[in-house]
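A.B. asks: Dropping a structure here in structure tokens format, bear with me for questions.
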Amino acid sequence: MEEVSIEIRDNRFMHELVSPGDRFLVGLIKDFIEREIMPIRKELEASTRGDWELMREVERKLVGLGFQGAFLPPEYGGWNLTSALTYCVILDEFGRSEPACIAPLGGGTWAFRPAVFSGNKTLLEDFAPRFVGSEPYVACFAMTEPSGGCNIENLDMKGKGIHTRAELDGDEWVINGAKVWPTNSGDSDVYCVVCNTDPSLGDDGIALIYVPVPIEGYSFGRFEDKVGFRGSHEGDFYFDNVRVPKEYRAAGPGKDAELLHDNLIFARLFSAAWAVGIAQGAFDEALAFTRDRKVAGKPIRQHTVAANILADIAIGIQVGRDSYVNAAYMYDNPETYGSRTSKFMLSRSTVAKVFCCDMAVKATNQAMELMGSYGYATDYNVEKYWRDNKIIQLWEGGVQLGKMDVARGYYEYDQFYENNLYESMQETRKV
Amino acid sequence: MAQVSTERKENRFVQDLLSSSDKLLLNSTRDFVEEQIMPVRRELDGNTRSDFKLVEEMQRKLLPLGLQGGFLPEEYGGMGLTSALTTSLLAEEIGRGDASLFCTLAGSILAMRPAIAAGNKAVLEHFAPKFLQEDKVYLGCFGLSEPDAGSDIENPNMLGTRIGCSASNKGGEWSLNGSKVWLVNAGLAGAYCVVASTDPGLGEEGIALIYLENTVDGLSFTGFRDKSGLRGAREGDIELKDVRVPEAWRAAGPGKDAELLRDNLTFARLYSGGLAIGMAQGTLDEVLAFTTDRIAAGKPIRQHTVCATLLADIAIDIQVGRDAYINAAYIYDRPETYGEGASPDMLSRASTAKVFCCDAAIRAINRAMEMMGSYGYVTDYYVEKYWRDAKTLQLCEGGAQLARFDVVRGFYDFNQFHRNELYELIKERSR
């Protein structure tokens, strides 16, 4: 495919915010993607409907790039890569290719950030060597439960939505419960499990506990069969008196809740970037298609109506990219912008997530409209972007809970705000 | 009014993008807006339906801030305030109070920028002292639109052929003939910069930006427009009949003037983004306060989930729009890194901000009105004024659709006059 865009790609990011190191990293990844992923995108997805071999092969090649343990501190063999902005610009690049193929590798970062930030020596000493090896080592951050999807993320629930119980028995945690939908579940070597030591403790009851598998009492259900984002595996698993050392709790009461919130905010940021990457991929396809395809005597993109639709896609992408870059930069600089887990930061990162996901849903739809039925055929990959993106909008609490988190940055929003009328109405109805 | 927002104002944007003098100027402007404008917003608008005395008084009160001539180079007594970022941030601050006041200032900036960029001594020496009067309001006016050509003049595909105002060199003087419509500050300004053509056959080389003074023979003012919004920024029409000005009062020369025109358009797109966000922010502040105090179904409106998500939609539009215009303006201010201000890339980036912010402001204000019910529609809460003001911003400077053409020009060679052989064939047949 010849050059379709005269856009200066370097200008997508502000050089003053995205460091030369980050841009170098993105360059490397872009080369990898162009070489190893773009030519076989269609086959890659097809393999998830068969034996997964091709997808696994790409995942192994990704491990070969040496990023698997990058999130670890240097003394454990990592590069101290904890910047949200760096992860964001990397995922923006992946979004355009096969967005899900980075999930097994990225799971380690998400699952082990709590251990890294709390400086938990036992966890780092026990697990770090596995991540810095050349073999794939997959981790999973397990949050959602059968009875409460967004109830776990919801700040107003104060941990009450978490039913996975962890009880201390001597020097060991005993864990019982079920988790559904965690990315990489079933494929993982280690889980970071969001538990509750005692629901009456509120946020202090929240515990993040690491569980290596296989382990006695652990069982896996089945993988979800999804319409898109098929390269990542999600399934349900169960803990029946699973025992792990006491030291495998990330930090402790209160602190674990904060680490959970931090992880949620971090995920909102990278989700935004992922969605922008997907929209960019659809835009590139639509630009090429509308250049080559003629309608009423000239290329589609030379008609004013198509130009306006392409503009809407381009505006969404650029504005979305600005928003996640700025938000991630703020998150990375707490000395200026305040705590990474403040309501402000939750709100700011969620602004980016909600906007970018909605934008990408719209953009992939519009790209399809410009291509007619060809947009719906697997040859052009737009239908895949369209399917893949939707899940990003739905995960991590979804759009509506995300909007509530946005509102929290502007006023004291409380879903359980006192309502005297409610109470008197209940009385009236009894009578 | 109780505290309505938990948001930290300094976190509204990435502080590291601003210089310390920008922050200082911004703070003093914000104080001015809070103390002088906010308490009389309603009266200011009401005054535009009678004698404009209050509006003019406010313009005089603004003088000590130094913005009237601040954009002039330091060697002419100004502050060298040519940064698009500074101007856009000022637009947001003033826009929150009364957007019309900023538009009046912007009329002067747009008129004088070409002479400043070209370093035109004759023009600057004549006009600069007038803008620097400390006790007298002095305005500039940039004359672009014509009765037969609104967006055709801004449209780069027209190559200057649609400019009807003619400039011919007669014995070392320019003679100007034609008429201009919709000019901000027409009839009030002392300095005019008029977009004319020396010869439409020359294409862009024919474009000439020529300065004239309000007292010159042959210039007549034909009246103000009566508008729904932005009423404090008066717009009107002028006619030019053999207006004679010195040869040196052309901004630069063939080719260069076309570039200065495009640069001005790009600049205006940027601050329009800031201005729109200022209106939306003002609206958010109003609706946050209203929904705190107003109880529906037993609790404050903003504690209902449906309203929380609506308020979030408004906040998202504002934050994303703000990131977009600030980032674009920052990029514009650094041509050594990001390319020339008059390039299609930069026009695209600036138009992205303008289109998004104007659409976002209109969306946000409509939503705010919905949450306030009929109270949003009465003048007491000022939301209806923001609603009227924002609409005209979307329509000016080529409007929403032409600006989208400019957006796509950053991505491919969009040409409204792309060769269409089928069109020619069909015309041939029908003959």
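Residues in the structure tokens are named by chain (A, B, ... in the order shown) and by number from 1 within that chain; ligands are numbered from 1 in the order shown.
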Any idea what's packed within 8 Å of region 14-16 of chain B, counting only C-alpha atoms, ignoring anything in its chain fewer than 5 positions away? Could you give it as a ChimeraX atom specification?

C.D. replies: /A:326,329-330

A.B. asks: How about saving the chosen residues, N, CA and C atoms kept, as an mmCIF file, in the first residue's frame?

C.D. replies:
```cif
data_model
loop_
_atom_site.group_PDB
_atom_site.id
_atom_site.type_symbol
_atom_site.label_atom_id
_atom_site.label_comp_id
_atom_site.auth_asym_id
_atom_site.auth_seq_id
_atom_site.Cartn_x
_atom_site.Cartn_y
_atom_site.Cartn_z
ATOM 1 N N ASN A 326 -2.194 14.031 27.377
ATOM 2 C CA ASN A 326 -2.159 15.030 28.440
ATOM 3 C C ASN A 326 -2.512 14.409 29.793
ATOM 4 N N TYR A 329 0.346 12.169 30.995
ATOM 5 C CA TYR A 329 1.470 12.990 31.429
ATOM 6 C C TYR A 329 1.226 13.501 32.856
ATOM 7 N N MET A 330 -0.005 13.925 33.109
ATOM 8 C CA MET A 330 -0.340 14.404 34.457
ATOM 9 C C MET A 330 -0.223 13.277 35.476
#
```

A.B. asks: Chain B near chain A within 7 Å: what's each residue's closest atom pair and its distance in Å to one decimal, counting only C-alpha atoms, ordered by chain then ascending residue number, as a Markdown table?

C.D. replies:
```
| residue | atom | partner | partner_atom | distance |
| --- | --- | --- | --- | --- |
| B:Val4 | CA | A:Tyr411 | CA | 6.7 |
| B:Ser5 | CA | A:Tyr410 | CA | 4.8 |
| B:Thr6 | CA | A:Tyr410 | CA | 4.9 |
| B:Glu7 | CA | A:Tyr410 | CA | 5.0 |
| B:Asn11 | CA | A:Tyr337 | CA | 6.4 |
| B:Val14 | CA | A:Asn326 | CA | 6.5 |
| B:Gly298 | CA | A:Leu421 | CA | 4.8 |
| B:Lys299 | CA | A:Asn419 | CA | 5.6 |
| B:Gln303 | CA | A:Tyr413 | CA | 6.0 |
| B:Ala308 | CA | A:Met404 | CA | 5.9 |
| B:Thr309 | CA | A:Lys403 | CA | 5.0 |
| B:Leu311 | CA | A:Ala407 | CA | 6.5 |
| B:Ala312 | CA | A:Ala407 | CA | 5.0 |
| B:Ile316 | CA | A:Val351 | CA | 5.2 |
| B:Val320 | CA | A:Ser323 | CA | 5.3 |
| B:Asp323 | CA | A:Ser323 | CA | 5.6 |
| B:Ala324 | CA | A:Val319 | CA | 5.3 |
| B:Asn327 | CA | A:Asp322 | CA | 6.9 |
| B:Tyr338 | CA | A:Asn11 | CA | 6.5 |
| B:Asp345 | CA | A:Glu7 | CA | 6.6 |
| B:Thr352 | CA | A:Ile315 | CA | 5.2 |
| B:Phe356 | CA | A:Ile315 | CA | 6.9 |
| B:Gln401 | CA | A:Asn308 | CA | 6.7 |
| B:Arg404 | CA | A:Ala311 | CA | 5.3 |
| B:Phe405 | CA | A:Ala307 | CA | 6.3 |
| B:Val407 | CA | A:Ala311 | CA | 5.7 |
| B:Val408 | CA | A:Ala311 | CA | 5.3 |
| B:Gly410 | CA | A:Glu7 | CA | 5.4 |
| B:Phe411 | CA | A:Ser5 | CA | 4.8 |
| B:Tyr412 | CA | A:Ser5 | CA | 5.5 |
| B:Phe414 | CA | A:Gln302 | CA | 5.8 |
| B:Asn415 | CA | A:Gln302 | CA | 6.3 |
| B:Gln416 | CA | A:Gln302 | CA | 6.6 |
| B:His418 | CA | A:Gln302 | CA | 6.7 |
| B:Asn420 | CA | A:Gly297 | CA | 5.3 |
| B:Glu421 | CA | A:Gly297 | CA | 6.2 |
| B:Leu422 | CA | A:Gly297 | CA | 4.7 |
| B:Tyr423 | CA | A:Gly297 | CA | 6.6 |
```

A.B. asks: Could you save those same residues with C-alpha atoms as a PDB file, in the first residue's frame?

C.D. replies:
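Wrote it out as selection.pdb, contents follow:
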```
ATOM      1  CA  VAL B   4     -19.700  23.954  43.313  1.00  0.00           C
ATOM      2  CA  SER B   5     -16.695  22.059  42.107  1.00  0.00           C
ATOM      3  CA  THR B   6     -13.973  19.941  43.665  1.00  0.00           C
ATOM      4  CA  GLU B   7     -11.916  20.445  40.537  1.00  0.00           C
ATOM      5  CA  ASN B  11      -5.123  21.099  36.862  1.00  0.00           C
ATOM      6  CA  VAL B  14      -0.663  20.595  31.506  1.00  0.00           C
ATOM      7  CA  GLY B 298     -35.937  13.685  46.864  1.00  0.00           C
ATOM      8  CA  LYS B 299     -32.335  14.589  46.173  1.00  0.00           C
ATOM      9  CA  GLN B 303     -27.024  13.085  42.576  1.00  0.00           C
ATOM     10  CA  ALA B 308     -24.220  12.615  36.752  1.00  0.00           C
ATOM     11  CA  THR B 309     -23.598  11.047  33.351  1.00  0.00           C
ATOM     12  CA  LEU B 311     -22.681  16.372  33.622  1.00  0.00           C
ATOM     13  CA  ALA B 312     -19.857  13.977  32.773  1.00  0.00           C
ATOM     14  CA  ILE B 316     -15.596  15.320  28.900  1.00  0.00           C
ATOM     15  CA  VAL B 320     -10.943  16.990  25.679  1.00  0.00           C
ATOM     16  CA  ASP B 323      -6.433  19.556  25.620  1.00  0.00           C
ATOM     17  CA  ALA B 324      -6.950  19.780  21.866  1.00  0.00           C
ATOM     18  CA  ASN B 327      -1.831  21.214  22.282  1.00  0.00           C
ATOM     19  CA  TYR B 338       6.382  21.260  13.963  1.00  0.00           C
ATOM     20  CA  ASP B 345      -0.751  20.430   8.364  1.00  0.00           C
ATOM     21  CA  THR B 352      -9.437  20.102  14.334  1.00  0.00           C
ATOM     22  CA  PHE B 356     -14.306  20.005  17.872  1.00  0.00           C
ATOM     23  CA  GLN B 401     -18.078  22.226   6.867  1.00  0.00           C
ATOM     24  CA  ARG B 404     -13.593  20.076   7.920  1.00  0.00           C
ATOM     25  CA  PHE B 405     -12.169  20.369   4.402  1.00  0.00           C
ATOM     26  CA  VAL B 407      -8.911  19.177   8.472  1.00  0.00           C
ATOM     27  CA  VAL B 408      -8.665  16.528   5.752  1.00  0.00           C
ATOM     28  CA  GLY B 410      -3.705  17.579   6.540  1.00  0.00           C
ATOM     29  CA  PHE B 411      -4.207  13.952   5.528  1.00  0.00           C
ATOM     30  CA  TYR B 412      -4.625  13.908   1.769  1.00  0.00           C
ATOM     31  CA  PHE B 414      -8.421  17.111  -1.039  1.00  0.00           C
ATOM     32  CA  ASN B 415      -9.456  19.239  -3.951  1.00  0.00           C
ATOM     33  CA  GLN B 416     -13.005  20.441  -4.472  1.00  0.00           C
ATOM     34  CA  HIS B 418     -10.740  17.415  -8.614  1.00  0.00           C
ATOM     35  CA  ASN B 420     -14.135  14.605 -13.029  1.00  0.00           C
ATOM     36  CA  GLU B 421     -14.196  13.150 -16.515  1.00  0.00           C
ATOM     37  CA  LEU B 422     -17.623  11.687 -16.025  1.00  0.00           C
ATOM     38  CA  TYR B 423     -18.930  15.159 -15.199  1.00  0.00           C
TER      39      TYR B 423
END
```

A.B. asks: Would you please extract all alpha helix (DSSP H) residues from region 13-234 of chain A, as assigned by DSSP on the backbone, and give them as number ranges by chain?

C.D. replies: A: 20-32, 41-47, 53-64, 84-95, 103-118, 121-132, 150-153

A.B. asks: Excluding Pro182 (chain A) and any residue of its chain fewer than 5 positions from it, enumerate the residues within 7 Å of it, using only C-alpha atoms, and give them as a PyMOL selection string.

C.D. replies: chain A and resi 140-144+234-235

A.B. asks: Mind checking which residues fall within 9 Å of Phe267 (chain B), counting only C-alpha atoms, ignoring those fewer than 4 positions away in the same chain, and posting them as a PyMOL selection string?

C.D. replies: chain B and resi 84+110+262-263+271-272+329+332+341+347+350

A.B. asks: Let's have the selection written as a tab-separated table (two decimals), in the first residue's frame, with N, CA and C atoms.

C.D. replies:
```
chain	number	residue	atom	x	y	z
B	84	ALA	N	0.05	31.93	20.10
B	84	ALA	CA	-1.32	31.44	19.91
B	84	ALA	C	-1.82	30.81	21.20
B	110	LEU	N	-6.11	40.26	14.74
B	110	LEU	CA	-6.13	39.73	13.36
B	110	LEU	C	-5.73	40.80	12.36
B	262	ARG	N	-3.51	32.99	5.24
B	262	ARG	CA	-3.72	31.62	5.73
B	262	ARG	C	-3.29	31.50	7.19
B	263	ASP	N	-2.17	32.14	7.49
B	263	ASP	CA	-1.66	32.10	8.85
B	263	ASP	C	-2.66	32.72	9.83
B	271	TYR	N	-7.74	30.26	18.54
B	271	TYR	CA	-8.36	30.96	19.68
B	271	TYR	C	-9.87	30.76	19.71
B	272	SER	N	-10.46	30.47	18.54
B	272	SER	CA	-11.89	30.14	18.54
B	272	SER	C	-12.13	28.90	19.40
B	329	ALA	N	-2.26	24.79	19.77
B	329	ALA	CA	-1.68	26.13	19.84
B	329	ALA	C	-0.21	26.06	20.22
B	332	TYR	N	1.61	25.12	17.15
B	332	TYR	CA	1.65	26.26	16.22
B	332	TYR	C	2.75	27.25	16.61
B	341	GLY	N	3.35	27.76	10.36
B	341	GLY	CA	1.98	28.06	10.75
B	341	GLY	C	1.02	28.10	9.59
B	347	LEU	N	-2.86	24.13	9.53
B	347	LEU	CA	-4.26	24.56	9.37
B	347	LEU	C	-5.18	23.41	9.76
B	350	ALA	N	-5.17	23.02	13.61
B	350	ALA	CA	-5.91	24.11	14.25
B	350	ALA	C	-7.41	23.97	14.00
```
